[in-house]
Amino acid sequence: MNPFRRFMLPAAMFIFGSASLFTASNTAPSGKSLRVYFVDVEGGQATLFVTPEGESLLIDTGWPGNNGRDVDRIVAAAKDAGLSRIDYVLITHYHDDHVGGVPQLATKIPIGTFIDHGPNRETNGNAPKLYDQYKALLDSGKYKHIAAKPDDVIPVGSLRARVISADGAVLSRELSGGQRNNSCGGSAPAGDQTENPRSLGVLITFADFKILDLGDLTADKEFALMCPDNRLGHVDIYIASHHGFNQSGTEALVHAVAPRVAVVDNGAKKGGSPSALDIIKSSPGLRAMWQLHYSEEAGDTRNTAADFIANLQGPDEGNYLKLTVRDDRSFEIFNSRTKKTEAYPARSSGAY
């Protein structure tokens with residue numbers, strides 16, 4: 001039995017990191033704020049959510065190896081946030097840059113519950129080996145485990161994470177009343193047989209502030225989710241699917257959800273495809289696009305402005321981005337490289 005079932009709610013301009021980067025001066029008082037750390041794991045994902053109550057959700061764990069680089073950066077973020085444990089670790093899918101850090105992370109900080117889409121479905125590459133390593137950890141009996149399905153709701157303090165996609169299935173009902181999606185032109189793209197289209201994706205809400213993270217969900221599943229009608233409505237923050245890679249992040253998704261701000265967790269040579277960045281930058285109502293790295297493929301004309309990039313060209317410094325969302329729906333993003341913060345006003349109640 002899924003132990004979360006009894007906690008389910010009713011379905012209802014353009015512009016982290018090594019431990020040394022995290023200092024008291026970087027830590028804003030939590031108050032009633034949601035804090036989100038976009039940890040630099042070199043083109044993988046590790047996004048840490050910390051609620052006003054001090055509960056935590058980590059989405060993915062970065063790469064394995066590298067002398068524990070990614071795990072050390074995650075633990076540094078947790079320490080900066082005042083955490084002594086991570087309550088929930090959500091694994092979007094079983095690729096190196098998402099699940100690879102799990103065994104190392106489990107030795108560095110206590111973990112409460114793992115959440116995933118169920119068994120690995122990919123037969124090639126590293127996915128079977130990585131899943132076996134992850135499954136061995138689950139089988140130890142030290143952790144709670146949730147296999148999530150679309151429309152499940154995971155409560156983490158005052159944050160709610162509604163599952164949008166999992167194991168190849170997508171949400172089948174409209175959350176926004178259903179609106180025709182005018183960005184659905186053409187036929188649905190072909191799918192693939194990797195773990196990417198099986199990504200566990202979530203729509204995270206804090207009060208009525210919305211953050212969309214679909215992992216590496218591919219374009220064919222975006223069409224299944226968003227066409228012919230937009231089932232998600234608009235969001236405040238879009239965490240770019242697939243690190244801003246051109247197999248994901250179609251206009252059918254990005255322009256329909258119309259984010260106020262996008263965050264691209266790309267690496268210098270992974271993600272940040274020119275066409276994907278162009279789609280984000282042309283999205284209606286976008287206030288800013290932030291990137292974890294300067295994309296070498298995108299070049300000067302397609303990357304966002306330097307002030308909105310955590311790591312510029314050259315040796316990686318592990319700089320991070322930090323989003324702080326207040327209960328009045330205003331928010332700000334801190335760039336640990338520039339030590340500057342960009343503030344965004346609250347939107348009017350109920351409006352996007």
# chains A, B, ... in the order shown; residues from 1 in each chain; ligands from 1
$ select_by_dssp --residues "stretch 31-251 of chain A" --states "alpha helix (DSSP H)" --output "number ranges by chain"
A: 69-80, 96-99, 102-108, 127-139, 219-226, 251
$ closest_atom_pairs --of "stretch 204-273 of chain A" --to "stretch 312-336 of chain A" --cutoff "10 Å" --atoms "only C-alpha atoms" --output "JSON lines"
{"residue": "A:Phe206", "atom": "CA", "partner": "A:Asp327", "partner_atom": "CA", "distance": 8.0}
{"residue": "A:Ala207", "atom": "CA", "partner": "A:Asp327", "partner_atom": "CA", "distance": 7.1}
{"residue": "A:Asp208", "atom": "CA", "partner": "A:Arg329", "partner_atom": "CA", "distance": 7.8}
{"residue": "A:Phe209", "atom": "CA", "partner": "A:Arg329", "partner_atom": "CA", "distance": 6.3}
{"residue": "A:Lys210", "atom": "CA", "partner": "A:Arg329", "partner_atom": "CA", "distance": 9.8}
{"residue": "A:Asp236", "atom": "CA", "partner": "A:Arg329", "partner_atom": "CA", "distance": 9.5}
{"residue": "A:Ile237", "atom": "CA", "partner": "A:Leu323", "partner_atom": "CA", "distance": 9.8}
{"residue": "A:Val261", "atom": "CA", "partner": "A:Ile333", "partner_atom": "CA", "distance": 9.9}
{"residue": "A:Val263", "atom": "CA", "partner": "A:Leu321", "partner_atom": "CA", "distance": 8.9}
{"residue": "A:Asp265", "atom": "CA", "partner": "A:Leu321", "partner_atom": "CA", "distance": 9.6}
{"residue": "A:Gly267", "atom": "CA", "partner": "A:Asp316", "partner_atom": "CA", "distance": 9.4}
{"residue": "A:Ala268", "atom": "CA", "partner": "A:Gln313", "partner_atom": "CA", "distance": 7.5}
$ write_last_selection --atoms "C-alpha atoms" --output "PDB file, in the first residue's frame"
ATOM      1  CA  PHE A 206       3.118  27.113  -2.127  1.00  0.00           C
ATOM      2  CA  ALA A 207      -0.120  28.933  -1.338  1.00  0.00           C
ATOM      3  CA  ASP A 208      -1.037  29.672  -4.962  1.00  0.00           C
ATOM      4  CA  PHE A 209       2.533  30.113  -6.192  1.00  0.00           C
ATOM      5  CA  LYS A 210       3.300  27.412  -8.779  1.00  0.00           C
ATOM      6  CA  ASP A 236       5.196  31.243 -11.807  1.00  0.00           C
ATOM      7  CA  ILE A 237       8.450  29.278 -12.216  1.00  0.00           C
ATOM      8  CA  VAL A 261      10.549  33.150 -14.692  1.00  0.00           C
ATOM      9  CA  VAL A 263      15.405  28.405 -14.484  1.00  0.00           C
ATOM     10  CA  ASP A 265      19.779  23.700 -14.816  1.00  0.00           C
ATOM     11  CA  GLY A 267      25.888  22.531 -17.793  1.00  0.00           C
ATOM     12  CA  ALA A 268      28.466  24.184 -20.004  1.00  0.00           C
TER      13      ALA A 268
END
$ select_by_dssp --residues "stretch 142-231 of chain A" --states "strand (DSSP E or B)" --output "PyMOL selection string"
chain A and resi 144-147+153-156+159-166+169-170+179-180+201-206+209-213+229-230
$ residues_around --residues "A:Ile109" --least-positions-apart "2" --cutoff "8 Å" --atoms "only C-alpha atoms" --output "list in words"
Val75, Ser84, Arg85, Ile86, Leu105, Ala106, Thr107 and Ile111 of chain A
$ write_last_selection --atoms "C-alpha atoms" --output "mmCIF file, in the first residue's frame"
data_model
loop_
_atom_site.group_PDB
_atom_site.id
_atom_site.type_symbol
_atom_site.label_atom_id
_atom_site.label_comp_id
_atom_site.auth_asym_id
_atom_site.auth_seq_id
_atom_site.Cartn_x
_atom_site.Cartn_y
_atom_site.Cartn_z
ATOM 1 C CA VAL A 75 24.823 18.722 1.686
ATOM 2 C CA SER A 84 20.059 18.117 9.578
ATOM 3 C CA ARG A 85 18.144 15.673 7.338
ATOM 4 C CA ILE A 86 16.261 15.585 4.067
ATOM 5 C CA LEU A 105 24.062 11.081 -0.402
ATOM 6 C CA ALA A 106 22.687 8.386 1.916
ATOM 7 C CA THR A 107 26.073 8.206 3.663
ATOM 8 C CA ILE A 111 16.924 10.705 4.467
#
$ closest_residue --among "A:Thr92, A:Ser283, A:Gln291, A:Ser158" --to "A:Asn303" --atoms "only C-alpha atoms"
A:Gln291
$ residues_around --residues "A:Tyr134" --least-positions-apart "6" --cutoff "8 Å" --atoms "only C-alpha atoms" --output "PyMOL selection string"
chain A and resi 99+102-103
$ residues_around --residues "A:Tyr94" --least-positions-apart "5" --cutoff "10 Å" --atoms "only C-alpha atoms" --output "number ranges by chain"
A: 60, 99-100, 116-117, 119-122, 126-132, 134, 194-196, 198-199
$ write_last_selection --atoms "C-alpha atoms" --output "PDB file, in the first residue's frame"
ATOM      1  CA  ASP A  60      17.290  14.337  -7.841  1.00  0.00           C
ATOM      2  CA  VAL A  99      19.837   9.163  -9.503  1.00  0.00           C
ATOM      3  CA  GLY A 100      23.603   8.703  -9.584  1.00  0.00           C
ATOM      4  CA  ASP A 116       9.994   7.523  -7.661  1.00  0.00           C
ATOM      5  CA  HIS A 117       7.912   6.363 -10.637  1.00  0.00           C
ATOM      6  CA  PRO A 119      10.858   0.173 -11.536  1.00  0.00           C
ATOM      7  CA  ASN A 120      13.353   1.103 -14.225  1.00  0.00           C
ATOM      8  CA  ARG A 121      12.092   0.528 -17.773  1.00  0.00           C
ATOM      9  CA  GLU A 122      15.278   1.173 -19.773  1.00  0.00           C
ATOM     10  CA  ASN A 126      23.713   2.599 -17.239  1.00  0.00           C
ATOM     11  CA  ALA A 127      20.072   2.768 -16.135  1.00  0.00           C
ATOM     12  CA  PRO A 128      19.737  -0.921 -15.062  1.00  0.00           C
ATOM     13  CA  LYS A 129      22.928  -0.721 -12.971  1.00  0.00           C
ATOM     14  CA  LEU A 130      21.951   2.603 -11.412  1.00  0.00           C
ATOM     15  CA  TYR A 131      18.475   1.314 -10.601  1.00  0.00           C
ATOM     16  CA  ASP A 132      19.929  -1.821  -8.973  1.00  0.00           C
ATOM     17  CA  TYR A 134      19.146   2.532  -5.828  1.00  0.00           C
ATOM     18  CA  THR A 194      14.762   5.545 -22.514  1.00  0.00           C
ATOM     19  CA  GLU A 195      13.814   6.533 -18.993  1.00  0.00           C
ATOM     20  CA  ASN A 196      13.306  10.174 -20.024  1.00  0.00           C
ATOM     21  CA  ARG A 198       8.924   8.073 -17.821  1.00  0.00           C
ATOM     22  CA  SER A 199      10.113  11.018 -15.727  1.00  0.00           C
TER      23      SER A 199
END
$ closest_residue --among "A:Asp307, A:Glu53, A:Glu297, A:Asp70" --to "A:Thr341" --atoms "only C-alpha atoms"
A:Asp307
$ residues_around --residues "stretch 166-173 of chain A" --least-positions-apart "3" --cutoff "8 Å" --atoms "only C-alpha atoms" --output "VMD selection string"
chain A and resid 117 to 118 148 to 151 163 197 to 201 221 224 to 225 231
$ write_last_selection --atoms "C-alpha atoms" --output "PDB file, in the first residue's frame"
ATOM      1  CA  HIS A 117       7.912   6.363 -10.637  1.00  0.00           C
ATOM      2  CA  GLY A 118       8.399   2.644  -9.933  1.00  0.00           C
ATOM      3  CA  ALA A 148       3.905   7.864  -7.282  1.00  0.00           C
ATOM      4  CA  LYS A 149       1.242   8.079  -9.977  1.00  0.00           C
ATOM      5  CA  PRO A 150      -0.259  11.035 -11.846  1.00  0.00           C
ATOM      6  CA  ASP A 151      -2.581  13.160  -9.678  1.00  0.00           C
ATOM      7  CA  VAL A 163       2.346  14.420  -9.695  1.00  0.00           C
ATOM      8  CA  PRO A 197       9.629   9.933 -21.078  1.00  0.00           C
ATOM      9  CA  ARG A 198       8.924   8.073 -17.821  1.00  0.00           C
ATOM     10  CA  SER A 199      10.113  11.018 -15.727  1.00  0.00           C
ATOM     11  CA  LEU A 200       8.291  11.726 -12.489  1.00  0.00           C
ATOM     12  CA  GLY A 201       7.202  15.332 -12.940  1.00  0.00           C
ATOM     13  CA  LYS A 221       4.711  13.317 -23.483  1.00  0.00           C
ATOM     14  CA  ALA A 224       0.041  14.117 -24.572  1.00  0.00           C
ATOM     15  CA  LEU A 225      -0.225  16.343 -21.509  1.00  0.00           C
ATOM     16  CA  ARG A 231      -4.296  20.926 -18.474  1.00  0.00           C
TER      17      ARG A 231
END
$ closest_residue --among "A:Asp139, A:Glu174, A:Glu222, A:Asp152" --to "A:Ala188" --atoms "only C-alpha atoms"
A:Glu222
$ closest_residue --among "A:Val89, A:Leu138, A:Ile309, A:Leu253" --to "A:Leu214" --atoms "only C-alpha atoms"
A:Leu253
$ residues_around --residues "A:Arg162" --least-positions-apart "6" --cutoff "7 Å" --atoms "only C-alpha atoms" --output "list in words"
Asp151, Asp152, Val153, Ile154, Val202, Leu203 and Ile204 of chain A
$ write_last_selection --atoms "N, CA and C atoms" --output "PDB file, in the first residue's frame"
ATOM      1  N   ASP A 151      -1.532  12.576 -10.519  1.00  0.00           N
ATOM      2  CA  ASP A 151      -2.581  13.160  -9.678  1.00  0.00           C
ATOM      3  C   ASP A 151      -2.413  12.850  -8.200  1.00  0.00           C
ATOM      4  N   ASP A 152      -1.413  12.034  -7.812  1.00  0.00           N
ATOM      5  CA  ASP A 152      -1.081  11.922  -6.392  1.00  0.00           C
ATOM      6  C   ASP A 152      -0.604  13.282  -5.902  1.00  0.00           C
ATOM      7  N   VAL A 153      -0.868  13.571  -4.640  1.00  0.00           N
ATOM      8  CA  VAL A 153      -0.394  14.816  -4.035  1.00  0.00           C
ATOM      9  C   VAL A 153       0.481  14.486  -2.847  1.00  0.00           C
ATOM     10  N   ILE A 154       1.676  15.033  -2.850  1.00  0.00           N
ATOM     11  CA  ILE A 154       2.659  14.791  -1.795  1.00  0.00           C
ATOM     12  C   ILE A 154       2.753  16.054  -0.943  1.00  0.00           C
ATOM     13  N   VAL A 202       6.400  17.007 -11.392  1.00  0.00           N
ATOM     14  CA  VAL A 202       5.495  17.547 -10.365  1.00  0.00           C
ATOM     15  C   VAL A 202       5.199  19.019 -10.601  1.00  0.00           C
ATOM     16  N   LEU A 203       4.005  19.413 -10.196  1.00  0.00           N
ATOM     17  CA  LEU A 203       3.617  20.814 -10.106  1.00  0.00           C
ATOM     18  C   LEU A 203       3.569  21.147  -8.630  1.00  0.00           C
ATOM     19  N   ILE A 204       4.484  21.986  -8.196  1.00  0.00           N
ATOM     20  CA  ILE A 204       4.627  22.323  -6.782  1.00  0.00           C
ATOM     21  C   ILE A 204       3.911  23.627  -6.501  1.00  0.00           C
TER      22      ILE A 204
END
$ closest_residue --among "A:Gly157, A:Gly185, A:Pro259, A:Pro345" --to "A:Gly285" --atoms "only C-alpha atoms"
A:Pro259
$ closest_residue --among "A:Ala161, A:Ala240, A:Asp96, A:Gln133" --to "A:Ile115" --atoms "only C-alpha atoms"
A:Ala161
